[in-house]
file structure_0.txt (compact mmCIF, C-alpha atoms)
# COMPACT_ATOMS: atom_id res chain seq x y z
CA MET A 1 -1.96 -5.63 37.13
CA ARG A 2 -0.33 -2.31 36.26
CA CYS A 3 -0.60 -1.12 32.65
CA GLU A 4 3.10 -0.21 32.65
CA THR A 5 4.02 -3.86 33.24
CA ILE A 6 1.58 -4.92 30.53
CA LYS A 7 3.22 -2.52 28.05
CA LYS A 8 6.61 -4.09 28.75
CA TRP A 9 5.09 -7.56 28.21
CA LEU A 10 3.46 -6.35 24.98
CA SER A 11 6.86 -5.33 23.69
CA ASP A 12 8.35 -8.72 24.61
CA ASP A 13 5.38 -10.46 23.01
CA LEU A 14 5.89 -8.67 19.69
CA ASP A 15 9.51 -9.92 19.72
CA GLY A 16 8.46 -13.48 20.60
CA ALA A 17 10.19 -13.24 23.97
CA LEU A 18 7.22 -13.58 26.35
CA SER A 19 6.67 -16.78 28.34
CA PRO A 20 3.34 -18.63 27.76
CA LYS A 21 2.30 -18.03 31.37
CA ARG A 22 2.72 -14.27 31.06
CA LYS A 23 1.11 -14.28 27.63
CA ALA A 24 -2.06 -15.74 29.17
CA ARG A 25 -2.11 -13.02 31.83
CA LEU A 26 -1.45 -10.41 29.14
CA GLU A 27 -4.44 -11.57 27.09
CA ASN A 28 -6.66 -11.50 30.19
CA HIS A 29 -5.62 -7.92 30.89
CA LEU A 30 -6.16 -6.82 27.28
CA ARG A 31 -9.74 -8.10 27.31
CA GLU A 32 -10.49 -5.64 30.10
CA CYS A 33 -8.23 -2.64 29.29
CA LEU A 34 -9.02 -0.40 26.30
CA VAL A 35 -5.89 1.75 26.79
CA CYS A 36 -3.58 -1.26 26.52
CA ARG A 37 -5.51 -2.61 23.51
CA ARG A 38 -4.94 0.71 21.71
CA TYR A 39 -1.28 0.65 22.70
CA ARG A 40 -0.95 -2.82 21.19
CA ALA A 41 -2.63 -1.66 17.98
CA ASP A 42 -0.15 1.24 17.71
CA LEU A 43 2.84 -1.02 18.30
CA THR A 44 1.64 -3.56 15.76
CA ARG A 45 1.26 -0.83 13.16
CA LEU A 46 4.67 0.58 14.01
CA GLN A 47 6.22 -2.89 13.81
CA ALA A 48 4.78 -3.54 10.34
CA GLU A 49 6.03 -0.23 8.94
CA ALA A 50 9.47 -0.32 10.56
CA ALA A 51 10.15 -3.90 9.51
CA SER A 52 9.84 -3.17 5.81
CA ALA A 53 13.27 -3.58 4.25
CA ALA A 54 14.99 -1.21 1.86
CA ASP A 55 14.29 -2.60 -1.61
CA LEU A 56 17.24 -2.04 -3.93
CA SER A 57 17.77 -3.27 -7.48
CA PRO A 58 20.23 -6.04 -8.48
CA GLU A 59 22.16 -3.37 -10.44
CA TYR A 60 22.67 -1.44 -7.23
CA TRP A 61 24.22 -4.49 -5.54
CA ALA A 62 26.44 -5.22 -8.51
CA ALA A 63 27.78 -1.64 -8.38
CA PHE A 64 28.17 -1.93 -4.59
CA GLU A 65 30.26 -5.11 -4.95
CA ARG A 66 32.45 -3.63 -7.71
CA SER A 67 33.14 -0.53 -5.65
CA LEU A 68 33.96 -2.62 -2.58
CA GLU A 69 36.23 -4.95 -4.56
CA SER A 70 38.26 -2.01 -5.86
CA ARG A 71 38.65 -0.61 -2.33
CA LEU A 72 39.59 -3.99 -0.82
CA THR A 73 42.77 -4.02 -2.91
CA PHE A 74 44.07 -1.15 -0.78
CA VAL A 75 43.34 -2.87 2.54
CA GLU A 76 45.74 -5.53 3.69
CA PRO A 77 44.29 -7.91 6.34
CA VAL A 78 46.18 -7.70 9.61
CA ARG A 79 47.68 -11.12 10.22
CA GLU A 80 47.37 -12.79 13.60
CA ALA A 81 51.15 -13.15 13.80
CA SER A 82 51.67 -9.42 13.44
CA ARG A 83 49.00 -8.68 16.03
CA ALA A 84 50.40 -10.91 18.75
CA PRO A 85 53.67 -8.99 19.34
CA LEU A 86 51.70 -5.75 19.52
CA PHE A 87 49.50 -7.31 22.18
CA ARG A 88 52.55 -8.53 24.05
CA ARG A 89 54.18 -5.11 23.73
CA ARG A 90 51.07 -3.55 25.17
CA LYS A 91 51.23 -5.93 28.13
CA TRP A 92 54.84 -4.95 28.72
CA ALA A 93 53.94 -1.29 28.39
CA TRP A 94 51.25 -1.68 31.05
CA ALA A 95 53.66 -3.58 33.31
CA ALA A 96 56.30 -0.85 32.87
CA ALA A 97 53.75 1.86 33.58
CA GLY A 98 52.65 0.05 36.74
CA PHE A 99 56.25 -0.32 37.87
CA LEU A 100 56.90 3.39 37.28
CA VAL A 101 53.83 4.35 39.29
CA LEU A 102 54.89 2.11 42.19
CA ALA A 103 58.46 3.44 42.01
CA SER A 104 57.19 7.03 42.02
CA VAL A 105 55.02 6.37 45.07
CA GLY A 106 57.94 4.67 46.83
CA ILE A 107 60.29 7.57 46.13
CA TYR A 108 57.67 10.05 47.25
CA LEU A 109 57.16 8.23 50.56
CA ALA A 110 60.90 7.78 51.12
CA VAL A 111 61.68 11.43 50.44
CA SER A 112 58.71 13.24 51.88
CA ARG A 113 58.15 11.40 55.16
CA PRO A 114 61.72 11.30 56.56
CA GLY A 115 62.00 14.85 55.27
CA ARG A 116 60.23 16.08 58.39
CA ILE A 117 62.69 14.23 60.64
CA LEU A 118 65.67 15.60 58.74
CA GLU A 119 64.20 19.06 58.95
CA THR A 120 64.00 18.97 62.75
CA ALA A 121 67.50 17.41 63.11
CA TRP A 122 69.12 19.90 60.78
CA VAL A 123 71.17 22.67 62.49
CA SER A 124 70.82 25.92 60.65
CA TYR A 125 73.95 27.86 59.67
CA GLU A 126 73.03 30.63 62.12
CA ASP A 127 73.42 28.21 65.06
CA SER A 128 76.30 26.15 63.71
CA ILE A 129 79.84 25.98 65.13
CA ALA A 130 81.18 26.99 61.70
CA ARG A 131 79.61 30.41 61.99
CA ILE A 132 80.92 30.88 65.57
CA LEU A 133 84.46 29.90 64.50
CA GLN A 134 84.22 32.27 61.54
CA ALA A 135 83.18 35.11 63.85
CA ALA A 136 86.07 34.18 66.20
CA GLU A 137 88.55 34.50 63.36
CA GLU A 138 87.29 37.99 62.57
CA ASP A 139 87.26 39.34 66.18
CA PRO A 140 90.06 38.50 68.75
CA GLU A 141 87.73 39.17 71.71
CA VAL A 142 85.27 36.67 70.38
CA GLU A 143 88.14 34.26 69.76
CA ASN A 144 89.25 34.51 73.40
CA PHE A 145 85.72 34.03 74.61
CA VAL A 146 85.19 31.01 72.38
CA ASN A 147 88.48 29.46 73.47
CA ARG A 148 87.59 29.92 77.12
CA GLU A 149 84.19 28.38 76.60
CA LEU A 150 85.66 25.49 74.68
CA LEU A 151 88.29 24.81 77.36
CA ALA A 152 85.67 25.03 80.09
CA SER A 153 83.44 22.58 78.29
CA ILE A 154 86.39 20.19 77.87
CA THR A 155 87.31 20.27 81.59
CA GLU A 156 83.72 19.73 82.54
CA VAL A 157 83.38 16.68 80.36
CA ALA A 158 86.88 15.18 80.92
CA PRO A 159 87.00 12.77 83.92
CA ASP A 160 89.45 13.23 86.84
CA PRO A 161 92.48 11.09 85.90
CA GLU A 162 93.17 9.97 89.49
CA GLU A 163 89.57 9.13 90.15
CA ALA A 164 89.30 7.36 86.87
CA TYR A 165 92.36 5.33 87.70
CA ALA A 166 91.61 4.62 91.37
CA ALA A 167 87.98 3.71 91.16
CA PRO A 168 88.35 0.66 88.95
CA LEU A 169 91.29 -0.65 91.04
CA ALA A 170 89.51 -0.31 94.36
CA ALA A 171 86.32 -1.82 92.92
CA ASP A 172 88.19 -4.89 91.66
CA PRO A 173 88.17 -7.61 94.43
CA LEU A 174 91.10 -9.43 92.83
CA PHE A 175 93.25 -6.25 93.27
CA TRP A 176 93.64 -6.85 97.03
CA GLU A 177 94.21 -10.55 96.64
CA GLY A 178 97.01 -9.92 94.15
CA LEU A 179 99.00 -7.82 96.64
CA SER A 180 101.78 -9.22 98.77
CA GLU A 181 101.85 -8.99 102.58
CA GLU A 182 104.36 -6.16 102.46
CA GLU A 183 102.29 -4.14 100.07
CA LEU A 184 99.16 -4.66 102.19
CA GLU A 185 101.00 -3.57 105.34
CA TYR A 186 102.29 -0.51 103.52
CA ILE A 187 98.81 0.48 102.35
CA ALA A 188 97.35 -0.07 105.81
CA ALA A 189 100.06 2.09 107.40
CA GLU A 190 99.44 4.87 104.88
CA LEU A 191 95.69 4.78 105.41
CA GLU A 192 96.12 4.78 109.19
CA ARG A 193 98.36 7.73 108.95
CA GLU A 194 95.86 9.71 106.82
CA THR A 195 92.58 8.81 108.46
CA SER A 196 93.57 7.17 111.77
CA HIS A 197 91.43 4.14 110.67
CA GLY A 198 92.82 0.77 109.66
CA GLY A 199 92.69 -0.42 106.04
CA PRO A 200 91.67 -3.82 104.86
CA LYS A 201 93.49 -6.73 106.45
CA MET B 1 28.90 -17.08 -7.55
CA ASP B 2 30.60 -18.88 -4.64
CA GLU B 3 28.10 -21.41 -3.24
CA ARG B 4 30.34 -22.93 -0.54
CA PRO B 5 29.14 -23.06 3.10
CA GLU B 6 29.78 -19.94 5.15
CA ASP B 7 32.30 -21.68 7.45
CA ASP B 8 34.51 -22.62 4.46
CA LEU B 9 34.34 -19.09 3.10
CA VAL B 10 35.31 -17.68 6.51
CA GLU B 11 38.25 -20.07 6.80
CA ASP B 12 39.53 -19.21 3.32
CA ALA B 13 39.02 -15.48 3.93
CA ARG B 14 41.07 -15.82 7.13
CA ARG B 15 43.87 -17.24 5.00
CA GLY B 16 43.71 -14.16 2.77
CA SER B 17 41.36 -15.24 -0.04
CA ARG B 18 39.61 -12.13 -1.34
CA GLU B 19 37.35 -14.28 -3.50
CA ALA B 20 36.07 -16.09 -0.40
CA PHE B 21 35.52 -12.76 1.32
CA ALA B 22 33.55 -11.54 -1.71
CA GLY B 23 31.32 -14.59 -1.19
CA LEU B 24 30.75 -13.54 2.42
CA VAL B 25 29.94 -10.00 1.26
CA ARG B 26 27.29 -11.36 -1.10
CA LEU B 27 25.79 -13.43 1.72
CA HIS B 28 25.48 -10.54 4.15
CA GLU B 29 25.43 -7.29 2.16
CA ARG B 30 21.65 -6.85 2.12
CA ARG B 31 21.17 -7.33 5.83
CA VAL B 32 24.22 -5.25 6.71
CA TYR B 33 22.96 -2.54 4.40
CA GLY B 34 19.48 -2.74 5.93
CA LEU B 35 20.97 -2.35 9.39
CA VAL B 36 23.20 0.63 8.59
CA PHE B 37 20.42 2.23 6.52
CA ARG B 38 18.07 2.11 9.51
CA MET B 39 20.84 3.46 11.73
CA ALA B 40 21.92 6.27 9.37
CA GLY B 41 18.45 7.09 8.01
CA ASN B 42 19.43 7.69 4.38
CA HIS B 43 20.84 5.72 1.44
CA SER B 44 23.83 7.95 0.83
CA ASP B 45 25.32 7.46 4.29
CA ALA B 46 24.17 3.82 4.37
CA ALA B 47 26.17 2.97 1.23
CA ASP B 48 29.34 4.50 2.69
CA LEU B 49 28.78 2.80 6.05
CA ALA B 50 28.14 -0.62 4.50
CA GLN B 51 31.39 -0.37 2.54
CA GLU B 52 33.22 0.74 5.65
CA VAL B 53 31.83 -2.25 7.59
CA PHE B 54 33.11 -4.74 5.02
CA LEU B 55 36.48 -3.00 4.73
CA SER B 56 36.88 -3.15 8.53
CA ALA B 57 35.85 -6.81 8.52
CA TRP B 58 38.42 -7.61 5.81
CA GLY B 59 41.11 -5.69 7.66
CA SER B 60 40.55 -7.61 10.88
CA ILE B 61 39.35 -10.98 9.55
CA ALA B 62 42.39 -12.63 11.15
CA SER B 63 41.12 -11.65 14.60
CA PHE B 64 37.86 -13.55 14.02
CA ARG B 65 37.92 -16.61 16.26
CA ARG B 66 37.06 -20.00 14.81
CA GLY B 67 33.90 -21.51 16.28
CA SER B 68 32.19 -18.20 16.99
CA SER B 69 29.38 -16.87 14.84
CA PHE B 70 30.54 -14.88 11.81
CA TYR B 71 27.33 -12.89 11.48
CA THR B 72 27.46 -11.88 15.18
CA TRP B 73 31.00 -10.64 14.65
CA LEU B 74 30.10 -8.84 11.38
CA TYR B 75 26.96 -7.23 12.79
CA ARG B 76 28.86 -6.05 15.84
CA ILE B 77 31.25 -4.26 13.49
CA ALA B 78 28.22 -2.80 11.68
CA VAL B 79 26.60 -1.57 14.92
CA ASN B 80 29.84 -0.07 16.22
CA THR B 81 30.58 1.62 12.88
CA SER B 82 27.04 3.04 12.82
CA LEU B 83 27.21 4.28 16.42
CA THR B 84 30.55 5.98 15.74
CA PHE B 85 29.03 7.60 12.64
CA LEU B 86 25.96 8.78 14.60
CA ARG B 87 28.11 10.33 17.32
CA LYS B 88 30.16 12.15 14.68
CA ARG B 89 27.04 13.31 12.84
CA SER B 90 25.45 14.43 16.10
CA ARG B 91 28.47 16.63 16.86
CA GLU B 92 28.35 18.12 13.36
CA LYS B 93 24.58 18.65 13.64
CA ASP B 94 25.02 20.43 16.98
CA ARG B 95 27.55 22.73 15.36
CA ALA B 96 25.26 23.39 12.37
CA GLU B 97 22.26 24.10 14.62
CA PHE B 98 24.38 26.44 16.68
CA HIS B 99 25.29 28.40 13.54
CA GLU B 100 21.66 28.40 12.35
CA ASN B 101 20.45 29.69 15.69
CA MET B 102 23.10 32.35 15.61
CA ALA B 103 21.75 33.41 12.19
CA GLY B 104 18.16 33.43 13.51
CA VAL B 105 16.99 30.52 11.36
CA ASP B 106 14.40 28.08 12.73
CA PRO B 107 14.80 24.55 11.27
CA GLY B 108 11.02 24.11 11.61
CA ARG B 109 11.16 20.43 12.59
CA ASP B 110 7.85 20.67 14.47
CA ALA B 111 6.12 21.98 11.38
CA PHE B 112 7.06 18.75 9.61
CA PHE B 113 5.58 16.72 12.45
CA SER B 114 2.27 18.61 12.42
CA ALA B 115 -0.76 16.30 12.66
CA GLU B 116 -2.70 18.59 10.31
CA GLY B 117 -3.51 17.35 6.84
CA ASN B 118 -3.62 13.84 5.33
CA CYS B 119 -1.23 11.17 6.47
CA SER B 120 -0.66 8.79 3.60
CA GLN B 121 1.15 5.48 3.87
CA ASN B 122 4.41 6.93 2.53
CA GLU B 123 4.16 9.93 4.79
CA LEU B 124 3.66 7.65 7.80
CA ARG B 125 6.71 5.62 6.79
CA ALA B 126 8.76 8.79 6.44
CA ARG B 127 7.66 9.92 9.88
CA ILE B 128 8.47 6.54 11.36
CA ASN B 129 11.96 6.82 9.85
CA GLU B 130 12.30 10.31 11.32
CA ALA B 131 11.17 9.06 14.71
CA ILE B 132 13.61 6.11 14.60
CA ASP B 133 16.36 8.59 13.69
CA SER B 134 15.57 10.55 16.84
CA LEU B 135 16.10 7.52 19.14
CA PRO B 136 19.30 7.46 21.21
CA GLY B 137 22.02 5.31 19.57
CA HIS B 138 21.81 2.13 21.65
CA PHE B 139 17.99 2.17 21.65
CA ARG B 140 18.04 2.56 17.89
CA ALA B 141 20.55 -0.27 17.47
CA SER B 142 18.40 -2.64 19.56
CA PHE B 143 15.21 -1.60 17.74
CA VAL B 144 16.75 -1.97 14.27
CA LEU B 145 18.32 -5.36 15.04
CA VAL B 146 15.11 -6.80 16.52
CA VAL B 147 12.36 -5.15 14.44
CA SER B 148 14.01 -4.42 11.10
CA GLN B 149 16.51 -7.29 11.01
CA GLY B 150 14.38 -9.85 12.84
CA PHE B 151 17.00 -10.90 15.37
CA SER B 152 15.87 -12.47 18.65
CA HIS B 153 16.67 -10.73 21.93
CA ALA B 154 19.41 -13.32 22.54
CA ASP B 155 21.11 -12.70 19.16
CA ALA B 156 20.78 -8.93 19.49
CA ALA B 157 22.33 -9.17 22.97
CA ARG B 158 25.30 -11.11 21.56
CA ILE B 159 25.79 -8.54 18.79
CA LEU B 160 25.48 -5.58 21.15
CA GLY B 161 27.54 -7.20 23.91
CA CYS B 162 24.85 -6.80 26.58
CA SER B 163 22.28 -8.96 28.37
CA GLU B 164 18.92 -10.08 26.98
CA ASN B 165 17.18 -8.14 29.74
CA THR B 166 18.93 -4.97 28.58
CA VAL B 167 17.73 -5.57 25.01
CA SER B 168 14.18 -6.24 26.27
CA TRP B 169 14.21 -3.06 28.34
CA ARG B 170 15.61 -0.96 25.48
CA MET B 171 12.95 -2.35 23.11
CA HIS B 172 10.19 -1.41 25.54
CA LYS B 173 11.57 2.11 25.99
CA ALA B 174 12.16 2.60 22.25
CA ARG B 175 8.59 1.53 21.45
CA LYS B 176 7.20 3.86 24.10
CA ILE B 177 9.18 6.80 22.68
CA LEU B 178 8.12 6.00 19.11
CA GLN B 179 4.48 5.46 20.03
CA ALA B 180 4.40 8.75 21.93
CA ARG B 181 5.92 10.66 18.98
CA LEU B 182 3.77 8.98 16.30
CA LYS B 183 0.54 8.65 18.25
CA PRO B 184 -1.46 11.18 16.16
CA TYR B 185 -0.47 9.52 12.87
CA LEU B 186 -0.85 5.94 14.08
CA GLY B 187 -4.27 6.83 15.51
CA GLU B 188 -5.28 8.43 12.22
CA VAL B 189 -4.36 5.32 10.25
CA ARG B 190 -6.13 3.11 12.81
CA SER B 191 -9.37 5.10 12.62
call {"tool": "encode", "arguments": {"input": "structure_0.txt", "output": "structure tokens"}}
result
Amino acid sequence: MRCETIKKWLSDDLDGALSPKRKARLENHLRECLVCRRYRADLTRLQAEAASAADLSPEYWAAFERSLESRLTFVEPVREASRAPLFRRRKWAWAAAGFLVLASVGIYLAVSRPGRILETAWVSYEDSIARILQAAEEDPEVENFVNRELLASITEVAPDPEEAYAAPLAADPLFWEGLSEEELEYIAAELERETSHGGPK
Amino acid sequence: MDERPEDDLVEDARRGSREAFAGLVRLHERRVYGLVFRMAGNHSDAADLAQEVFLSAWGSIASFRRGSSFYTWLYRIAVNTSLTFLRKRSREKDRAEFHENMAGVDPGRDAFFSAEGNCSQNELRARINEAIDSLPGHFRASFVLVVSQGFSHADAARILGCSENTVSWRMHKARKILQARLKPYLGEVRS
């Protein structure tokens, strides 16, 4: 048995908090260990001296009570009813604080994360059409160049009107069925004349 | 003097009766004083602390819950008031020692604790008080409640708001510290 454990048990024993089983083992150890017996003697002495209470006269207590009584008149007990709303207010304050924190985090995420996407999609003024048009207004040569480029881009994008008109008609099977015999003969004659092949019969 | 049972006094005090509260003061003033005296280490501070404990108790008597132990509640106020006082005093002491060191003054505490010379009963008691004063706050509170006030580990745990094992451990450590500091004097008395 280690002496350190015995010292802990000695402390519990002095406070009346040691189980009978451990007390028996403690006594067995003490019979054999001089160091622990001396430690117990020191603790017992310490206990006796420290336990002695402060001895004050009845006059002292009478003066103590008078002084306290006079000071109590200036202290108003806090009623339960007046405490409850404060408690409830505190709960609301915590709830509001929590909501503000969540709202702040939400705003931060909403603003900061898409911010990167917006940044990449954003066209700087240097590359914008507004700056090119402004430069075109200031310099006629630039204006001519810009107009040419704009017209060229429009013709490139715009579809051929004839092709756009013809393609859907030819692709529609009901188109041929809706034509009369005369119209079909006319179309066939025209095609034969242009390509020397017969059209649809 | 009010001779009613403590529960009746507590109930009336909760309703605002200062007379009933005065009865509670008379029931507990000596033990509360003993506790704060052991915590503070001198009568001057103990008197102020004891008054402060009862004023705090009166101010918050409405928050005392029916069915719980009044003395546990009151002694918890006393321990907390004492610990707050000790922390404040420790800060002030640190400042004072800093100024003394700056002025080249040695407080000479070790000279007081010299094992040389006779160690009478009163001197031993004074040294024990000094040694208890040097214990850390929570160790001191446990030691004072159990040794000086005679509370069980279970009651001390309820007052301190900790487990019985914690009280037991603190008692063991406090006794070891005190025995180590007072060993020469305790040995002298023993021999």
call {"tool": "atom_distance", "arguments": {"input": "structure_0.txt", "atom1": "atom CA of B:Met39", "atom2": "atom CA of B:Arg87"}}
result
11.5 Å
call {"tool": "atom_distance", "arguments": {"input": "structure_0.txt", "atom1": "atom CA of B:Ser44", "atom2": "atom CA of A:Trp61"}}
result
14.0 Å
call {"tool": "interface_residues", "arguments": {"input": "structure_0.txt", "of": "chain B", "to": "chain A", "cutoff": "7 Å", "atoms": "all atoms listed in the file", "output": "JSON, numbers by chain"}}
result
{"B": [34, 51, 55, 58, 59, 60, 61, 62, 63, 125, 128, 147, 148, 152, 168, 171, 172, 179, 186]}
call {"tool": "atom_distance", "arguments": {"input": "structure_0.txt", "atom1": "atom CA of B:Gly137", "atom2": "atom CA of A:Tyr60"}}
result
27.6 Å
call {"tool": "closest_residue", "arguments": {"input": "structure_0.txt", "among": "B:Phe64, B:Leu86, B:Tyr75, B:Val53", "to": "B:Asp133", "atoms": "all atoms listed in the file"}}
result
B:Leu86
call {"tool": "closest_residue", "arguments": {"input": "structure_0.txt", "among": "B:Ser163, B:Ser134, B:Gln149, B:Asn129", "to": "B:His28", "atoms": "all atoms listed in the file"}}
result
B:Gln149
call {"tool": "closest_residue", "arguments": {"input": "structure_0.txt", "among": "B:Ala13, B:Gly161, B:Ala40, B:Lys176", "to": "B:Lys88", "atoms": "all atoms listed in the file"}}
result
B:Ala40
